[in-house]
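A.B. asks: See start14.tsv below, with TSV, C-alpha atoms.
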```
chain	number	residue	atom	x	y	z
A	705	MET	CA	21.65	-15.15	-19.44
A	706	ASP	CA	22.25	-11.47	-20.20
A	707	ASN	CA	19.53	-11.45	-22.88
A	708	GLN	CA	17.05	-13.08	-20.49
A	709	MET	CA	17.88	-10.55	-17.78
A	710	LYS	CA	17.49	-7.66	-20.25
A	711	LYS	CA	14.11	-9.01	-21.32
A	712	MET	CA	12.94	-9.25	-17.71
A	713	THR	CA	14.13	-5.72	-16.97
A	714	THR	CA	12.30	-4.33	-20.00
A	715	LYS	CA	9.13	-6.15	-18.96
A	716	SER	CA	9.42	-4.73	-15.45
A	717	ALA	CA	9.90	-1.19	-16.77
A	718	LEU	CA	6.82	-1.50	-18.99
A	719	LEU	CA	4.69	-2.85	-16.13
A	720	LEU	CA	5.80	-0.01	-13.86
A	721	LEU	CA	5.16	2.52	-16.63
A	722	LEU	CA	1.63	1.15	-17.03
A	723	THR	CA	1.22	1.44	-13.24
A	724	ALA	CA	2.27	5.10	-13.35
A	725	THR	CA	-0.18	5.74	-16.21
A	726	ILE	CA	-3.11	4.30	-14.25
A	727	TRP	CA	-2.11	6.20	-11.10
A	728	GLY	CA	-1.70	9.45	-13.03
A	729	ILE	CA	-5.29	9.24	-14.24
A	730	ALA	CA	-6.38	8.12	-10.75
A	731	PHE	CA	-5.42	11.54	-9.30
A	732	VAL	CA	-8.57	12.84	-10.98
A	733	ALA	CA	-10.63	10.02	-9.45
A	734	GLN	CA	-9.20	10.64	-5.98
A	735	SER	CA	-9.91	14.36	-6.17
A	736	ALA	CA	-13.45	13.73	-7.44
A	737	GLY	CA	-14.04	10.97	-4.90
A	738	SER	CA	-13.31	13.30	-1.98
A	739	ASP	CA	-16.51	15.18	-2.87
A	740	TYR	CA	-18.60	12.07	-2.16
A	741	ALA	CA	-16.79	10.31	0.69
A	742	GLY	CA	-14.40	10.99	3.55
A	743	PRO	CA	-10.78	9.80	3.20
A	744	PHE	CA	-11.20	6.66	5.33
A	745	THR	CA	-14.51	5.75	3.65
A	746	PHE	CA	-13.04	6.28	0.19
A	747	ASN	CA	-9.95	4.15	0.91
A	748	ALA	CA	-11.88	1.42	2.76
A	749	ILE	CA	-14.28	0.93	-0.16
A	750	ARG	CA	-11.72	1.14	-2.95
A	751	THR	CA	-9.14	-1.19	-1.36
A	752	ILE	CA	-11.71	-3.84	-0.42
A	753	MET	CA	-13.06	-3.51	-3.98
A	754	GLY	CA	-9.51	-4.03	-5.28
A	755	GLY	CA	-9.12	-7.17	-3.16
A	756	VAL	CA	-12.44	-8.61	-4.32
A	757	VAL	CA	-11.52	-8.02	-7.97
A	758	LEU	CA	-8.32	-10.07	-7.53
A	759	ILE	CA	-10.04	-13.15	-6.05
A	760	PRO	CA	-11.27	-14.53	-9.42
A	761	CYS	CA	-7.89	-13.60	-10.95
A	762	ILE	CA	-6.11	-15.73	-8.35
A	763	TYR	CA	-8.54	-18.59	-8.95
A	764	PHE	CA	-8.02	-18.67	-12.71
A	765	LEU	CA	-4.25	-18.16	-12.45
A	766	ASP	CA	-3.96	-21.06	-9.99
A	767	LYS	CA	-6.17	-23.19	-12.19
A	768	GLY	CA	-3.78	-22.73	-15.09
A	769	LYS	CA	-0.75	-23.79	-13.03
A	770	LYS	CA	0.32	-27.29	-12.18
A	771	LYS	CA	-1.12	-28.07	-8.77
A	772	ARG	CA	1.29	-28.75	-5.96
A	773	SER	CA	0.33	-30.86	-2.95
A	774	GLU	CA	1.11	-28.10	-0.50
A	775	MET	CA	2.71	-24.68	-0.31
A	776	ILE	CA	6.18	-24.53	1.21
A	777	ALA	CA	5.90	-23.24	4.79
A	778	SER	CA	8.47	-20.47	4.25
A	779	ASP	CA	6.65	-19.25	1.11
A	780	GLN	CA	3.33	-19.17	2.96
A	781	LYS	CA	4.89	-17.25	5.84
A	782	ASN	CA	6.47	-14.69	3.48
A	783	LEU	CA	3.19	-14.30	1.59
A	784	ILE	CA	1.14	-13.59	4.73
A	785	THR	CA	3.81	-11.43	6.39
A	786	GLY	CA	4.48	-9.45	3.20
A	787	GLY	CA	0.79	-8.94	2.51
A	788	ILE	CA	0.06	-7.73	6.04
A	789	LEU	CA	3.07	-5.40	6.14
A	790	CYS	CA	2.24	-3.94	2.72
A	791	GLY	CA	-1.39	-3.49	3.80
A	792	VAL	CA	-0.48	-1.66	7.01
A	793	VAL	CA	1.94	0.68	5.21
A	794	LEU	CA	-0.56	1.26	2.39
A	795	PHE	CA	-3.27	2.06	4.94
A	796	ILE	CA	-1.12	4.77	6.53
A	797	ALA	CA	0.22	6.15	3.22
A	798	SER	CA	-3.04	6.26	1.26
A	799	ASN	CA	-5.04	7.85	4.07
A	800	LEU	CA	-2.38	10.48	4.78
A	801	GLN	CA	-2.41	11.29	1.06
A	802	GLN	CA	-6.21	11.44	0.84
A	803	ILE	CA	-6.43	13.71	3.91
A	804	GLY	CA	-3.66	15.97	2.60
A	805	ILE	CA	-5.27	16.38	-0.85
A	806	ALA	CA	-8.25	18.08	0.81
A	807	TYR	CA	-6.01	20.86	2.21
A	808	THR	CA	-3.84	21.77	-0.77
A	809	THR	CA	-3.76	22.07	-4.56
A	810	ALA	CA	-3.52	19.04	-6.85
A	811	GLY	CA	-0.19	20.22	-8.29
A	812	LYS	CA	1.37	20.60	-4.88
A	813	ALA	CA	-0.04	17.23	-3.79
A	814	GLY	CA	1.50	15.56	-6.85
A	815	PHE	CA	4.90	17.15	-6.22
A	816	ILE	CA	5.11	16.32	-2.50
A	817	THR	CA	3.78	12.77	-2.94
A	818	ALA	CA	6.32	12.02	-5.68
A	819	LEU	CA	9.18	13.04	-3.38
A	820	TYR	CA	9.41	9.33	-2.58
A	821	ILE	CA	11.86	9.26	-5.52
A	822	VAL	CA	14.35	10.99	-3.21
A	823	LEU	CA	13.32	9.16	-0.04
A	824	VAL	CA	13.68	5.63	-1.47
A	825	PRO	CA	17.46	5.80	-2.14
A	826	MET	CA	17.98	7.70	1.14
A	827	MET	CA	16.20	4.96	3.10
A	828	GLY	CA	18.05	2.37	1.03
A	829	ILE	CA	21.34	3.60	2.51
A	830	PHE	CA	20.26	2.31	5.92
A	831	LEU	CA	19.34	-1.04	4.34
A	832	LYS	CA	22.83	-1.22	2.75
A	833	LYS	CA	21.45	-0.82	-0.78
A	834	ILE	CA	24.12	0.79	-2.95
A	835	THR	CA	22.87	3.51	-5.32
A	836	GLY	CA	25.28	4.66	-8.03
A	837	LEU	CA	26.07	8.29	-8.86
A	838	LYS	CA	24.22	8.03	-12.18
A	839	ILE	CA	20.97	7.06	-10.44
A	840	TRP	CA	21.40	9.78	-7.79
A	841	LEU	CA	21.75	12.33	-10.61
A	842	GLY	CA	18.59	10.92	-12.16
A	843	VAL	CA	16.74	11.27	-8.84
A	844	LEU	CA	17.81	14.91	-8.44
A	845	LEU	CA	16.95	15.69	-12.07
A	846	ALA	CA	13.51	14.13	-11.58
A	847	ALA	CA	12.94	16.17	-8.41
A	848	VAL	CA	13.69	19.38	-10.33
A	849	GLY	CA	11.40	18.21	-13.13
A	850	LEU	CA	8.62	17.54	-10.62
A	851	TYR	CA	8.99	21.06	-9.25
A	852	PHE	CA	8.60	22.60	-12.70
A	853	LEU	CA	5.73	20.24	-13.48
A	854	CYS	CA	3.65	20.61	-10.33
A	855	MET	CA	4.56	23.82	-8.54
A	856	ASN	CA	2.77	26.73	-10.18
A	857	GLU	CA	2.47	28.77	-7.02
A	858	GLY	CA	4.79	29.95	-4.24
A	859	PHE	CA	6.05	27.16	-2.02
A	860	SER	CA	4.88	27.24	1.59
A	861	ILE	CA	4.26	24.49	4.12
A	862	GLY	CA	0.71	23.99	5.40
A	863	ILE	CA	-1.05	21.25	7.35
A	864	GLY	CA	-2.04	19.43	4.14
A	865	ASP	CA	1.58	19.48	2.94
A	866	ILE	CA	2.72	17.86	6.18
A	867	TYR	CA	0.19	15.05	5.74
A	868	LEU	CA	1.36	14.55	2.15
A	869	LEU	CA	5.04	14.54	3.14
A	870	MET	CA	4.38	11.87	5.77
A	871	GLY	CA	2.42	9.96	3.12
A	872	ALA	CA	5.35	10.21	0.70
A	873	ALA	CA	7.66	8.73	3.36
A	874	CYS	CA	5.21	5.84	3.82
A	875	PHE	CA	4.99	5.25	0.06
A	876	ALA	CA	8.80	5.04	0.03
A	877	VAL	CA	8.63	2.39	2.77
A	878	HIS	CA	5.94	0.59	0.75
A	879	ILE	CA	8.26	0.41	-2.28
A	880	LEU	CA	11.08	-1.02	-0.13
A	881	VAL	CA	8.80	-3.60	1.51
A	882	ILE	CA	7.61	-4.73	-1.93
A	883	ASP	CA	11.24	-4.87	-3.10
A	884	TYR	CA	11.99	-7.30	-0.27
A	885	TYR	CA	8.96	-9.60	-0.56
A	886	SER	CA	7.98	-9.56	-4.25
A	887	PRO	CA	10.76	-11.95	-5.43
A	888	LYS	CA	9.74	-14.45	-2.73
A	889	VAL	CA	5.96	-14.70	-3.21
A	890	ASP	CA	3.06	-14.68	-5.69
A	891	GLY	CA	2.56	-10.98	-6.46
A	892	VAL	CA	-1.19	-11.19	-7.13
A	893	LYS	CA	-1.88	-13.02	-3.88
A	894	MET	CA	0.23	-10.60	-1.84
A	895	SER	CA	-1.55	-7.68	-3.49
A	896	CYS	CA	-4.94	-9.20	-2.61
A	897	ILE	CA	-3.93	-9.61	1.04
A	898	GLN	CA	-2.63	-6.05	1.29
A	899	PHE	CA	-5.93	-4.63	-0.01
A	900	PHE	CA	-8.08	-6.50	2.50
A	901	VAL	CA	-5.73	-5.49	5.34
A	902	CYS	CA	-5.78	-1.85	4.21
A	903	GLY	CA	-9.57	-1.92	3.73
A	904	ILE	CA	-10.28	-3.43	7.15
A	905	LEU	CA	-7.92	-0.99	8.89
A	906	SER	CA	-9.50	1.96	7.02
A	907	ALA	CA	-12.99	0.77	7.99
A	908	VAL	CA	-12.23	1.25	11.70
A	909	PRO	CA	-11.67	5.06	11.61
A	910	MET	CA	-14.41	5.25	8.95
A	911	LEU	CA	-16.95	3.93	11.46
A	912	LEU	CA	-15.52	6.00	14.31
A	913	PHE	CA	-15.04	9.40	12.64
A	914	GLU	CA	-17.09	9.44	9.42
A	915	THR	CA	-20.70	8.91	8.39
A	916	PRO	CA	-20.85	7.18	5.01
A	917	ARG	CA	-24.04	7.94	3.09
A	918	ILE	CA	-25.31	5.44	0.52
A	919	GLY	CA	-26.72	8.20	-1.70
A	920	SER	CA	-23.37	10.00	-1.89
A	921	LEU	CA	-21.49	6.77	-2.59
A	922	VAL	CA	-23.89	5.87	-5.39
A	923	SER	CA	-23.49	9.36	-6.88
A	924	GLY	CA	-19.70	9.01	-6.80
A	925	TRP	CA	-19.56	5.43	-8.09
A	926	ILE	CA	-17.43	6.26	-11.14
A	927	PRO	CA	-14.35	7.59	-9.25
A	928	LEU	CA	-14.81	4.87	-6.62
A	929	VAL	CA	-14.88	2.07	-9.20
A	930	TYR	CA	-11.87	3.47	-11.09
A	931	ALA	CA	-9.89	3.92	-7.86
A	932	GLY	CA	-10.90	0.44	-6.67
A	933	VAL	CA	-10.61	-1.65	-9.81
A	934	MET	CA	-7.91	0.16	-11.81
A	935	SER	CA	-5.80	2.07	-9.26
A	936	CYS	CA	-5.92	-0.68	-6.61
A	937	GLY	CA	-6.81	-4.00	-8.22
A	938	VAL	CA	-4.77	-3.51	-11.40
A	939	ALA	CA	-2.07	-0.90	-10.74
A	940	TYR	CA	-0.84	-1.96	-7.30
A	941	THR	CA	-0.67	-5.57	-8.51
A	942	LEU	CA	1.33	-4.48	-11.56
A	943	GLN	CA	3.65	-2.59	-9.19
A	944	ILE	CA	4.35	-5.72	-7.15
A	945	VAL	CA	4.91	-7.88	-10.25
A	946	GLY	CA	6.97	-5.18	-11.98
A	947	GLN	CA	9.23	-4.58	-8.99
A	948	ARG	CA	10.19	-8.25	-8.87
A	949	ASP	CA	13.13	-7.61	-11.24
A	950	ALA	CA	13.65	-3.87	-10.76
A	951	ASP	CA	15.94	-1.85	-8.52
A	952	PRO	CA	13.73	0.03	-6.00
A	953	THR	CA	15.23	3.43	-6.81
A	954	ILE	CA	14.74	2.99	-10.56
A	955	ALA	CA	11.25	1.66	-9.86
A	956	SER	CA	10.42	4.80	-7.87
A	957	LEU	CA	11.67	6.97	-10.75
A	958	ILE	CA	9.42	5.22	-13.25
A	959	LEU	CA	6.44	5.30	-10.87
A	960	SER	CA	6.93	9.06	-10.35
A	961	LEU	CA	5.90	9.51	-13.99
A	962	GLU	CA	2.35	9.42	-12.63
A	963	SER	CA	2.72	13.21	-12.23
A	964	VAL	CA	3.64	13.57	-15.91
A	965	VAL	CA	0.70	11.36	-16.93
A	966	SER	CA	-1.75	13.40	-14.83
A	967	VAL	CA	-0.67	16.60	-16.59
A	968	LEU	CA	-0.69	15.02	-20.07
A	969	ALA	CA	-4.08	13.42	-19.41
A	970	GLY	CA	-5.48	16.82	-18.51
A	971	PHE	CA	-4.03	18.20	-21.73
A	972	LEU	CA	-5.21	15.38	-24.02
A	973	ILE	CA	-8.52	14.40	-22.42
A	974	LEU	CA	-9.75	17.54	-20.69
A	975	GLY	CA	-8.22	20.06	-23.09
A	976	GLU	CA	-6.18	21.77	-20.37
A	977	ARG	CA	-3.33	23.93	-21.58
A	978	LEU	CA	0.20	22.57	-21.16
A	979	SER	CA	2.44	25.48	-20.18
A	980	ILE	CA	6.10	25.85	-21.17
A	981	ARG	CA	7.03	25.32	-17.51
A	982	GLU	CA	5.10	22.02	-17.38
A	983	GLY	CA	6.63	20.96	-20.69
A	984	ILE	CA	10.14	21.54	-19.28
A	985	GLY	CA	9.19	19.49	-16.21
A	986	CYS	CA	8.03	16.58	-18.38
A	987	ILE	CA	11.25	16.67	-20.44
A	988	LEU	CA	13.44	16.72	-17.31
A	989	MET	CA	11.60	13.76	-15.81
A	990	PHE	CA	11.82	11.69	-18.98
A	991	ALA	CA	15.55	12.56	-19.18
A	992	ALA	CA	15.95	11.37	-15.58
A	993	ILE	CA	14.33	8.00	-16.40
A	994	ILE	CA	16.57	7.55	-19.46
A	995	LEU	CA	19.67	8.48	-17.43
A	996	ALA	CA	18.82	5.96	-14.72
A	997	GLN	CA	18.26	3.20	-17.33
A	998	LEU	CA	21.62	3.71	-19.11
A	999	PRO	CA	23.98	0.78	-18.47
A	1000	GLU	CA	26.94	1.36	-16.18
A	1001	GLN	CA	30.31	1.49	-17.91
A	1002	GLU	CA	32.41	-1.43	-16.78
A	1003	ARG	CA	35.86	-0.63	-15.49
A	1004	GLN	CA	38.67	-2.30	-17.40
A	1005	THR	CA	41.36	-3.95	-15.35
A	1006	ALA	CA	44.97	-3.76	-16.44
```
Turn this file's structure into structure tokens for me.
C.D. replies:
Amino acid sequence: MDNQMKKMTTKSALLLLLTATIWGIAFVAQSAGSDYAGPFTFNAIRTIMGGVVLIPCIYFLDKGKKKRSEMIASDQKNLITGGILCGVVLFIASNLQQIGIAYTTAGKAGFITALYIVLVPMMGIFLKKITGLKIWLGVLLAAVGLYFLCMNEGFSIGIGDIYLLMGAACFAVHILVIDYYSPKVDGVKMSCIQFFVCGILSAVPMLLFETPRIGSLVSGWIPLVYAGVMSCGVAYTLQIVGQRDADPTIASLILSLESVVSVLAGFLILGERLSIREGIGCILMFAAIILAQLPEQERQTA
């Protein structure tokens, strides 16, 4: 049983690490996409695209399974409820993030967004989720690492930072909602529902406050497709599947590595220089992940 559980935990960690990698690269796509579309337009198109991509995946996955006569009523209820709740929270979080990115630097945006690593265990207290001292130390170490990694200028609070901070709080809620529903439902189906909910909700303010232009969307098709297919369709689904067997606080720590990936991707792909300060930040964050993954020492009874 222990070996099976260890195998599942390792699989979850790898899936979440892959999620963080895709999201880290997606920061470039989101920044580039804002030049071609407003925040609501960008998120409406990419999330609906993510949902559409998952439809054939669901079809082929269901085809490979043994068919049951009907879905259990409780499972169906959890699937629909979880998908709608995740979609509503994702709608709020992703649009707050996209709006905030336009008002601040990418480094600051990455740091503030990743503060969900602190917010998740704090919110977990109210849900009676116990977080050990070792994991709290890992969270604080990661927060310091994020500061070194992302903050290259003086820290001050502007309107964009407030949007991003509210977005970070919503992403923390998103992680906790997934933690509750993912063990109960089919992760791919719930992910598909959340994207269509998020896309439809984003389309309303898009039509009210923005004027999407076909020419601009065609010009920015590369960041839109990456954000839709990879960041939404693939990464968010991997997050739901990966969190099935992962503690939400540890999951948030692994997912926060998206900031490290974004810096390393800039260094490896774009030839950007990696400063000593950023290198220290990367080391601290990796140390935090390793600390959080170390097994707890069992107390011996007399």
A.B. asks: Which residues come within 12 Å of segment 908-919 of chain A, counting all atoms listed in the file, excluding same-chain residues fewer than 4 positions away, as a list in words?
C.D. replies: Ser738, Tyr740, Ala741, Gly742, Pro743, Phe744, Thr745, Phe746, Asn747, Ala748, Ile749, Phe795, Ile796, Asn799, Val901, Cys902, Gly903, Ile904, Ser923, Gly924 and Trp925 of chain A
A.B. asks: Nearest to Pro760 of chain A: which of A:Met827, A:Met870, A:Val892, A:Leu880 is it, counting only C-alpha atoms?
C.D. replies: A:Val892
A.B. asks: Please, which residues are within 7 Å of (18.4, 9.4, -7.2) by the file's coordinates, counting all atoms listed in the file, and could they come as a PyMOL selection string?
C.D. replies: chain A and resi 821-822+825+839-844+953
A.B. asks: Quick one: pull the distance between atom CA of Asp865 of chain A and atom CA of Val929 of chain A, Å, one decimal.
C.D. replies: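 Separation of atom CA of Asp865 of chain A and atom CA of Val929 of chain A: 26.9 Å.
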A.B. asks: In Å, rounded to a single decimal, give me how far atom CA of Ile729 of chain A is from atom CA of Gln898 of chain A.
C.D. replies: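 These atoms are spaced 22.0 Å apart.
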A.B. asks: Around the point (7.5, 5.8, -13.4) in the file's coordinates, collect all residues with an atom within 8 Å, using only C-alpha atoms, and return them as a list of chain:residue names.
C.D. replies: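 Every residue inside that radius is included here: A:Leu720, A:Leu721, A:Thr723, A:Ala724, A:Ala955, A:Ser956, A:Leu957, A:Ile958, A:Leu959, A:Ser960, A:Leu961, A:Glu962, A:Ile993.
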A.B. asks: Looking at only C-alpha atoms, which of A:Phe899, A:Tyr885, A:Tyr851, A:Tyr820 is the one that sits closest to Leu869 of chain A?
C.D. replies: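 Among the listed residues, A:Tyr820 lies closest to Leu869 of chain A.
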A.B. asks: When you draw a straight line from atom CA of Pro952 of chain A to atom CA of Gly871 of chain A, how long is it in Å?
C.D. replies: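 Going from atom CA of Pro952 of chain A over to atom CA of Gly871 of chain A covers 17.6 Å.
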A.B. asks: Which one is closest to Val792 of chain A: A:Asp951, A:Leu988, A:Ser920, A:Ile897? Count all atoms listed in the file.
C.D. replies: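 Closest to Val792 of chain A, using all atoms listed in the file: A:Ile897.
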A.B. asks: Just checking: using all atoms listed in the file, which residue out of A:Gly983, A:Ser935, A:Leu921, A:Cys896 ends up closest to Cys761 of chain A?
C.D. replies: A:Cys896
A.B. asks: So that I can check the surroundings of Ala818 of chain A, please list as a PDB file with C-alpha atoms, in the coordinates of the input every protein, DNA and RNA residue that reaches within 8 Å of it, counting all atoms listed in the file and ignoring chain neighbours fewer than 3 positions away.
C.D. replies:
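For reference, around-v3.pdb as written:
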```
ATOM      1  CA  GLY A 814       1.500  15.560  -6.850  1.00  0.00           C
ATOM      2  CA  PHE A 815       4.900  17.150  -6.220  1.00  0.00           C
ATOM      3  CA  ILE A 821      11.860   9.260  -5.520  1.00  0.00           C
ATOM      4  CA  LEU A 850       8.620  17.540 -10.620  1.00  0.00           C
ATOM      5  CA  ALA A 872       5.350  10.210   0.700  1.00  0.00           C
ATOM      6  CA  SER A 960       6.930   9.060 -10.350  1.00  0.00           C
ATOM      7  CA  SER A 963       2.720  13.210 -12.230  1.00  0.00           C
TER       8      SER A 963
END
```
A.B. asks: Which residue gives the smallest distance to Ile994 of chain A among A:Ala907, A:Leu819, A:Ile803, A:Ala846, with only C-alpha atoms counted?
C.D. replies: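 Selected residue with least distance to Ile994 of chain A: A:Ala846.
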A.B. asks: Taking into account only C-alpha atoms, which residue in the set A:Ser716, A:Gln802, A:Gly737, A:Arg981 is nearest to Val922 of chain A?
C.D. replies: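 Checking each candidate against Val922 of chain A, we get A:Gly737 as the closest.
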A.B. asks: Quick one: residues within 12 Å of Gly862 of chain A, all atoms listed in the file counted, chain neighbours fewer than 5 positions away excluded, as a list of chain:residue names?
C.D. replies: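 Counting only the stated atoms, we get A:Gly804, A:Ile805, A:Ala806, A:Tyr807, A:Thr808, A:Thr809, A:Lys812, A:Ala813, A:Ile816, A:Tyr867, A:Leu868, A:Leu869.
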A.B. asks: Any chance you could export the current selection's C-alpha atoms as a tab-separated table (two decimals), in the coordinates of the input?
C.D. replies:
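Output saved as result.tsv:
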```
chain	number	residue	atom	x	y	z
A	804	GLY	CA	-3.66	15.97	2.60
A	805	ILE	CA	-5.27	16.38	-0.85
A	806	ALA	CA	-8.25	18.08	0.81
A	807	TYR	CA	-6.01	20.86	2.21
A	808	THR	CA	-3.84	21.77	-0.77
A	809	THR	CA	-3.76	22.07	-4.56
A	812	LYS	CA	1.37	20.60	-4.88
A	813	ALA	CA	-0.04	17.23	-3.79
A	816	ILE	CA	5.11	16.32	-2.50
A	867	TYR	CA	0.19	15.05	5.74
A	868	LEU	CA	1.36	14.55	2.15
A	869	LEU	CA	5.04	14.54	3.14
```
A.B. asks: Set the distance at 10 Å and use all atoms listed in the file: which residues neighbour Ile726 of chain A once local chain neighbours fewer than 6 positions away are removed? I'd like the list as a PyMOL selection string.
C.D. replies: chain A and resi 720+930-931+934-936+938-940+962+965-966
A.B. asks: Just the selected residues (C-alpha atoms), exported as a PDB file, in the frame of the given file, please.
C.D. replies:
```
ATOM      1  CA  LEU A 720       5.800  -0.010 -13.860  1.00  0.00           C
ATOM      2  CA  TYR A 930     -11.870   3.470 -11.090  1.00  0.00           C
ATOM      3  CA  ALA A 931      -9.890   3.920  -7.860  1.00  0.00           C
ATOM      4  CA  MET A 934      -7.910   0.160 -11.810  1.00  0.00           C
ATOM      5  CA  SER A 935      -5.800   2.070  -9.260  1.00  0.00           C
ATOM      6  CA  CYS A 936      -5.920  -0.680  -6.610  1.00  0.00           C
ATOM      7  CA  VAL A 938      -4.770  -3.510 -11.400  1.00  0.00           C
ATOM      8  CA  ALA A 939      -2.070  -0.900 -10.740  1.00  0.00           C
ATOM      9  CA  TYR A 940      -0.840  -1.960  -7.300  1.00  0.00           C
ATOM     10  CA  GLU A 962       2.350   9.420 -12.630  1.00  0.00           C
ATOM     11  CA  VAL A 965       0.700  11.360 -16.930  1.00  0.00           C
ATOM     12  CA  SER A 966      -1.750  13.400 -14.830  1.00  0.00           C
TER      13      SER A 966
END
```
A.B. asks: Output segment 862-883 of chain A from the block with C-alpha atoms, as a compact mmCIF listing (two decimals), in the first residue's frame?
C.D. replies:
```txt
# COMPACT_ATOMS: atom_id res chain seq x y z
CA GLY A 862 -0.24 50.28 -7.70
CA ILE A 863 -3.64 49.59 -9.25
CA GLY A 864 -2.25 46.69 -11.31
CA ASP A 865 -0.75 45.12 -8.18
CA ILE A 866 -4.14 45.23 -6.45
CA TYR A 867 -5.75 43.42 -9.39
CA LEU A 868 -3.00 40.80 -9.30
CA LEU A 869 -3.29 40.32 -5.54
CA MET A 870 -7.04 39.75 -5.84
CA GLY A 871 -6.29 37.34 -8.69
CA ALA A 872 -3.79 35.46 -6.51
CA ALA A 873 -6.46 35.06 -3.81
CA CYS A 874 -8.85 33.65 -6.43
CA PHE A 875 -6.20 31.23 -7.74
CA ALA A 876 -5.76 30.02 -4.14
CA VAL A 877 -9.52 29.39 -3.94
CA HIS A 878 -9.31 27.61 -7.31
CA ILE A 879 -6.66 25.22 -5.94
CA LEU A 880 -8.82 24.46 -2.88
CA VAL A 881 -11.96 23.87 -4.97
CA ILE A 882 -10.01 21.46 -7.19
CA ASP A 883 -8.64 19.75 -4.06
```
